[in-house]
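Input: a single structure, listed below in structure tokens.
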Amino acid sequence: MKFSALILLALIFTVFLQAKDRPNIIVIYTDDQGFGDVSALNPEAKFKTPNLDRLAKEGVSFTNGHSSDTVCTPSRYGLLTGRYSWRTRLKTGVQGADTPALISNDRMTLASLLKDNGYQTAMVGKWHLGMDIPGTMGNRDFSQPIKDMPLDVGFDYFYGIPASLNYGYLAWIEGRYTKVPPTQYTAKKPNDRHMDYRILPPYFETAKEAKALHGAVPIEVAPDFVDTECLQRFVDKSIEWMSGKAESAKAGRPFFLYLPFTSPHYPVAPRPEFWGQGDAGGYGEFMVETDHHVGRVLEYLEKSGLDANTMIFYSSDNGPERSWVERIEKFDHDSSGIYKEGKRSIYEGGHRVPFLVRWPGGIKEPGRSWDGLVGQIDLLSTVAEMIGAKLPGYAGEDSQSFYSVLRKANSSHKRLPLLNHAIGGRLSITEGIWKLIMPHEKLNYELYNLARDPGEESNVFDGNPEIAKRLEKKITQIVCRGRTTKGLPQSNDTGYWDDLAWLTEAEYNKSTTKN
């Protein structure tokens, strides 16, 4: 009897340990938010973000954290797959709403990894990685299911929108079906709170009417769709879904929620209750609202008893939209903080973004900052290590775990060279304090010592030929081997492309063949 009791206690203790190492995971992903748009990271910010500050205060603030690209689609691909998007067919720009899926169904994602390891998985928010919506504008069959979408790459549940609000097909999708079909049309309308546009009624019955009035590309829209509803709906649905999974999560079957917001991407459309908050105009109001909805998630976790064993990863897909220039001039608020430029740019302001992790039951010595190099592309390997899963050699090729940083304040973690990519295809490589920006079209090499010059004001390429040569050799190897991490070389999805301006096609082919 005593022996049986000891076995039972041992089993209970084992389950308890496993639960602690298998937390619920929430990834909150903002859209076009700069490093300087978190008041904990930017003492000069002209608005307060108390809930984001709380993530930093109660977790780890990675002050040298990067999105893998400088625009929406490729960064989202990198976040979910642990692989650089420029290895795919998408070499520049972003995808639209109704376009071929960028993530193939056989590619491991953060969601499929977790689902295969017993997690309940959901995505609520903006997708922007392509999906197959039956028909074309003006000729849709809403009775048919949507294919090649989140439910095909590891998510059990999906509620959200296909892409950014400036692309076609604006409607609330749940599962594989559109809740209220986008049978009407609109175009960008003036915004009285910001320099951009709005998506709001009245809408038109025909695309021709929308174009005639606004002179812009018509957008399919559902009668019940309004831009100010996005954040509210996404968080409402997220809480509703988590509520249905709370008891099973407590019983040992954790959940994963991917929650990509549409803010502060255009249209900057704060709800009226946030008007007048902060001192950075409509953009500041929108960031205050974004912070409020993060607070709603935190409040739910506390009330449901899930808080201690839930890890929240918070970051942005790239730096701030070009209105950052106006905010400096008008409000003395720099959305990029001390970093150069913003969205679309290869400079730090384009990809050094808020990067916060909070996990009350797992992070040792919370409230600290980590200034070592990390990337969103590392989340896949980090989560795999955390739950005790091993990635196959063909998955997460560019992903390197930073799990030790969460568990040890004095971690010796050192990131392999990290590559970044601008909207037009230009690449850079960062290793330690050195960043080499590669030649592209008419642009030459640039080399920066980020420890001395975080604002990238002084190009020291000419004075450091050996450093530049070393970094060029490493970026060539990473590009041509199809991976950053150790393991068998993998193939890029295409052959040579023109953005590899420092390599000839023959050199590329020789290197890939050798590997």
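Chain labels run A, B, ... following the order of the structure tokens; each chain numbers its residues from 1, and ligands are numbered from 1 in the order shown.
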From a DSSP calculation on the backbone, collect every residue of stretch 12-74 of chain A in strand (DSSP E) and output the set as an MDAnalysis selection string. chainID A and resid 24:30 59:62 65:66
Export N, CA, C and O atoms of the chosen residues as a JSON list (two decimals), in the first residue's frame?
[["chain", "number", "residue", "atom", "x", "y", "z"],
["A", 24, "ASN", "N", 0.84, 27.28, -21.11],
["A", 24, "ASN", "CA", 0.02, 27.85, -22.17],
["A", 24, "ASN", "C", 0.88, 28.92, -22.84],
["A", 24, "ASN", "O", 1.71, 29.57, -22.18],
["A", 25, "ILE", "N", 0.68, 29.13, -24.13],
["A", 25, "ILE", "CA", 1.49, 30.10, -24.87],
["A", 25, "ILE", "C", 0.58, 31.04, -25.64],
["A", 25, "ILE", "O", -0.32, 30.59, -26.36],
["A", 26, "ILE", "N", 0.79, 32.33, -25.46],
["A", 26, "ILE", "CA", 0.05, 33.35, -26.21],
["A", 26, "ILE", "C", 1.07, 34.22, -26.93],
["A", 26, "ILE", "O", 1.98, 34.77, -26.30],
["A", 27, "VAL", "N", 0.95, 34.31, -28.24],
["A", 27, "VAL", "CA", 1.79, 35.20, -29.03],
["A", 27, "VAL", "C", 0.92, 36.38, -29.48],
["A", 27, "VAL", "O", -0.01, 36.21, -30.26],
["A", 28, "ILE", "N", 1.21, 37.55, -28.94],
["A", 28, "ILE", "CA", 0.52, 38.77, -29.35],
["A", 28, "ILE", "C", 1.44, 39.52, -30.30],
["A", 28, "ILE", "O", 2.56, 39.88, -29.94],
["A", 29, "TYR", "N", 0.95, 39.73, -31.51],
["A", 29, "TYR", "CA", 1.80, 40.26, -32.58],
["A", 29, "TYR", "C", 1.17, 41.53, -33.12],
["A", 29, "TYR", "O", 0.10, 41.50, -33.75],
["A", 30, "THR", "N", 1.81, 42.66, -32.87],
["A", 30, "THR", "CA", 1.27, 43.92, -33.37],
["A", 30, "THR", "C", 1.77, 44.17, -34.79],
["A", 30, "THR", "O", 2.62, 43.45, -35.31],
["A", 59, "GLY", "N", 8.72, 40.19, -16.76],
["A", 59, "GLY", "CA", 9.31, 39.20, -17.64],
["A", 59, "GLY", "C", 10.70, 39.59, -18.06],
["A", 59, "GLY", "O", 11.48, 40.12, -17.27],
["A", 60, "VAL", "N", 11.01, 39.34, -19.32],
["A", 60, "VAL", "CA", 12.30, 39.70, -19.89],
["A", 60, "VAL", "C", 12.06, 40.61, -21.08],
["A", 60, "VAL", "O", 11.25, 40.30, -21.97],
["A", 61, "SER", "N", 12.75, 41.72, -21.10],
["A", 61, "SER", "CA", 12.70, 42.64, -22.22],
["A", 61, "SER", "C", 13.95, 42.43, -23.07],
["A", 61, "SER", "O", 15.07, 42.73, -22.64],
["A", 62, "PHE", "N", 13.76, 41.90, -24.28],
["A", 62, "PHE", "CA", 14.88, 41.67, -25.19],
["A", 62, "PHE", "C", 15.07, 42.95, -26.01],
["A", 62, "PHE", "O", 14.33, 43.23, -26.95],
["A", 65, "GLY", "N", 15.99, 42.59, -30.00],
["A", 65, "GLY", "CA", 15.13, 41.61, -30.64],
["A", 65, "GLY", "C", 14.65, 42.11, -31.99],
["A", 65, "GLY", "O", 14.31, 43.29, -32.14],
["A", 66, "HIS", "N", 14.57, 41.22, -32.96],
["A", 66, "HIS", "CA", 14.31, 41.63, -34.35],
["A", 66, "HIS", "C", 13.22, 40.80, -35.01],
["A", 66, "HIS", "O", 13.15, 39.58, -34.82]]
Please provide the set of residues having any atom within 6 Å of stretch 438-450 of chain A, restricted to only C-alpha atoms, with same-chain residues fewer than 5 positions apart removed, written as a compact mmCIF listing (two decimals) with N, CA, C and O atoms, in the first residue's frame.
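Listing of out-v3.txt after writing:
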# COMPACT_ATOMS: atom_id res chain seq x y z
N ARG A 426 16.94 43.90 -50.19
CA ARG A 426 18.29 44.08 -49.65
C ARG A 426 18.46 43.30 -48.35
O ARG A 426 17.57 43.29 -47.50
N LEU A 427 19.61 42.67 -48.18
CA LEU A 427 19.89 41.84 -47.01
C LEU A 427 20.97 42.45 -46.13
O LEU A 427 21.83 43.20 -46.61
N SER A 428 20.92 42.10 -44.85
CA SER A 428 22.00 42.47 -43.93
C SER A 428 22.29 41.27 -43.04
O SER A 428 21.47 40.37 -42.89
N ILE A 433 28.32 42.79 -32.33
CA ILE A 433 28.13 44.25 -32.46
C ILE A 433 28.20 44.73 -33.90
O ILE A 433 27.96 45.90 -34.16
N ASN A 459 29.20 54.87 -41.46
CA ASN A 459 29.54 53.66 -42.22
C ASN A 459 31.05 53.45 -42.15
O ASN A 459 31.83 54.25 -42.66
N VAL A 460 31.49 52.36 -41.51
CA VAL A 460 32.92 52.12 -41.29
C VAL A 460 33.42 50.97 -42.17
O VAL A 460 34.41 50.32 -41.84
N PHE A 461 32.77 50.75 -43.28
CA PHE A 461 33.14 49.65 -44.16
C PHE A 461 34.58 49.76 -44.66
O PHE A 461 35.35 48.79 -44.62
N ALA A 501 23.42 40.45 -54.80
CA ALA A 501 24.27 41.22 -55.71
C ALA A 501 25.76 40.99 -55.51
O ALA A 501 26.55 41.26 -56.41
Each residue of stretch 71-107 of chain A with at least one atom at most 10 Å from stretch 164-167 of chain A should appear once, together with its nearest atom pair and the corresponding distance in Å (one decimal); atoms considered: only C-alpha atoms; ordering: chain, then increasing residue number; output as a tab-separated table.
residue	atom	partner	partner_atom	distance
A:Cys72	CA	A:Ser164	CA	8.6
A:Thr73	CA	A:Ser164	CA	9.9
A:Gln95	CA	A:Tyr167	CA	9.3
A:Gly96	CA	A:Tyr167	CA	6.1
A:Ala97	CA	A:Tyr167	CA	6.1
A:Asp98	CA	A:Tyr167	CA	9.0
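Residue nearest A:Ile328, chosen from A:Asn515, A:Ser401, A:Ala280, A:Lys211 and counting only C-alpha atoms: A:Ala280.
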So which residues touch A:Pro489 within 12 Å, counting only C-alpha atoms, skipping near sequence neighbours fewer than 3 positions away, as a ChimeraX atom specification? /A:393-395,397-398,477-486,492,511-515
Those same residues - C-alpha atoms - I'd like them written as a PDB file, in the first residue's frame.
ATOM      1  CA  GLY A 393      16.347  18.669 -39.708  1.00  0.00           C
ATOM      2  CA  TYR A 394      14.017  20.038 -42.384  1.00  0.00           C
ATOM      3  CA  ALA A 395      12.179  22.447 -40.047  1.00  0.00           C
ATOM      4  CA  GLU A 397      16.283  25.993 -40.443  1.00  0.00           C
ATOM      5  CA  ASP A 398      17.080  29.506 -39.214  1.00  0.00           C
ATOM      6  CA  GLN A 477      27.148  30.343 -46.377  1.00  0.00           C
ATOM      7  CA  ILE A 478      23.795  30.952 -44.656  1.00  0.00           C
ATOM      8  CA  VAL A 479      22.081  31.836 -47.922  1.00  0.00           C
ATOM      9  CA  CYS A 480      23.557  28.963 -49.930  1.00  0.00           C
ATOM     10  CA  ARG A 481      23.244  26.207 -47.298  1.00  0.00           C
ATOM     11  CA  GLY A 482      19.520  26.867 -46.949  1.00  0.00           C
ATOM     12  CA  ARG A 483      19.888  27.175 -43.193  1.00  0.00           C
ATOM     13  CA  THR A 484      21.618  29.080 -40.379  1.00  0.00           C
ATOM     14  CA  THR A 485      21.739  26.261 -37.856  1.00  0.00           C
ATOM     15  CA  LYS A 486      23.772  23.061 -37.871  1.00  0.00           C
ATOM     16  CA  ASN A 492      15.926  27.325 -50.983  1.00  0.00           C
ATOM     17  CA  SER A 511      28.086  26.995 -53.445  1.00  0.00           C
ATOM     18  CA  THR A 512      24.696  25.289 -53.317  1.00  0.00           C
ATOM     19  CA  THR A 513      26.021  22.284 -55.222  1.00  0.00           C
ATOM     20  CA  LYS A 514      29.000  22.008 -52.858  1.00  0.00           C
ATOM     21  CA  ASN A 515      26.638  21.952 -49.897  1.00  0.00           C
TER      22      ASN A 515
END
Using only C-alpha atoms, which residues sit within 9 Å of A:His292 once same-chain residues fewer than 3 positions away are excluded, as a list in words?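 Final neighbour list, sorted by chain and number: Thr49, Pro50, Asn51, Met287, Val288, Glu289, Gly295 and Arg296 of chain A.
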So that I can check the surroundings of stretch 383-386 of chain A, please list as a ChimeraX atom specification every protein, DNA and RNA residue that reaches within 9 Å of it, counting only C-alpha atoms and ignoring chain neighbours fewer than 4 positions away. /A:21-23,25,110,113-114,378-379,390-391,401,403
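Here atom CA of A:Arg452 stands at a distance of 20.6 Å from atom CA of A:Pro43.
Separating atom CA of A:Pro145 from atom CA of A:Ile173 is a distance of 10.5 Å.
Residues surrounding A:Ala171 within 9 Å are Gly160, Ile161, Pro162, Thr178, Lys179, Val180, Pro181, Pro182, Glu220, Val221, Ala222, Pro223, Asp224 and Phe225 of chain A [only C-alpha atoms; sequence separation below 6 positions excluded].
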Select, from A:Gly125, A:Ala210, A:Ala308, A:Gly138, the residue with the minimum atom-to-atom distance to A:Asp236, counting only C-alpha atoms. A:Gly125
Which polymer residues have any atom within 8 Å of an atom of A:Ser238, counting only C-alpha atoms, with same-chain residues fewer than 5 positions away left out, as a PyMOL selection string? chain A and resi 124+257+259
Generate a file of the selected residues that holds C-alpha atoms, formatted as an mmCIF file, in the first residue's frame.
data_model
loop_
_atom_site.group_PDB
_atom_site.id
_atom_site.type_symbol
_atom_site.label_atom_id
_atom_site.label_comp_id
_atom_site.auth_asym_id
_atom_site.auth_seq_id
_atom_site.Cartn_x
_atom_site.Cartn_y
_atom_site.Cartn_z
ATOM 1 C CA VAL A 124 -7.469 35.010 -33.883
ATOM 2 C CA LEU A 257 -3.130 31.226 -29.007
ATOM 3 C CA LEU A 259 -3.217 36.764 -31.587
#
Return the single residue from A:Arg368, A:His351, A:Lys115, A:Lys147 that is closest to A:Ala101, with distances computed using only C-alpha atoms.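 When distances to A:Ala101 are compared using only C-alpha atoms, the smallest one comes from A:Lys147.
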A straight line from atom CA of A:Lys208 to atom CA of A:Asp141 spans 20.5 Å
Residue nearest A:Gln184 - candidates A:Met137, A:Ala468, A:Ala212, A:Leu373, atoms counted: only C-alpha atoms: A:Met137
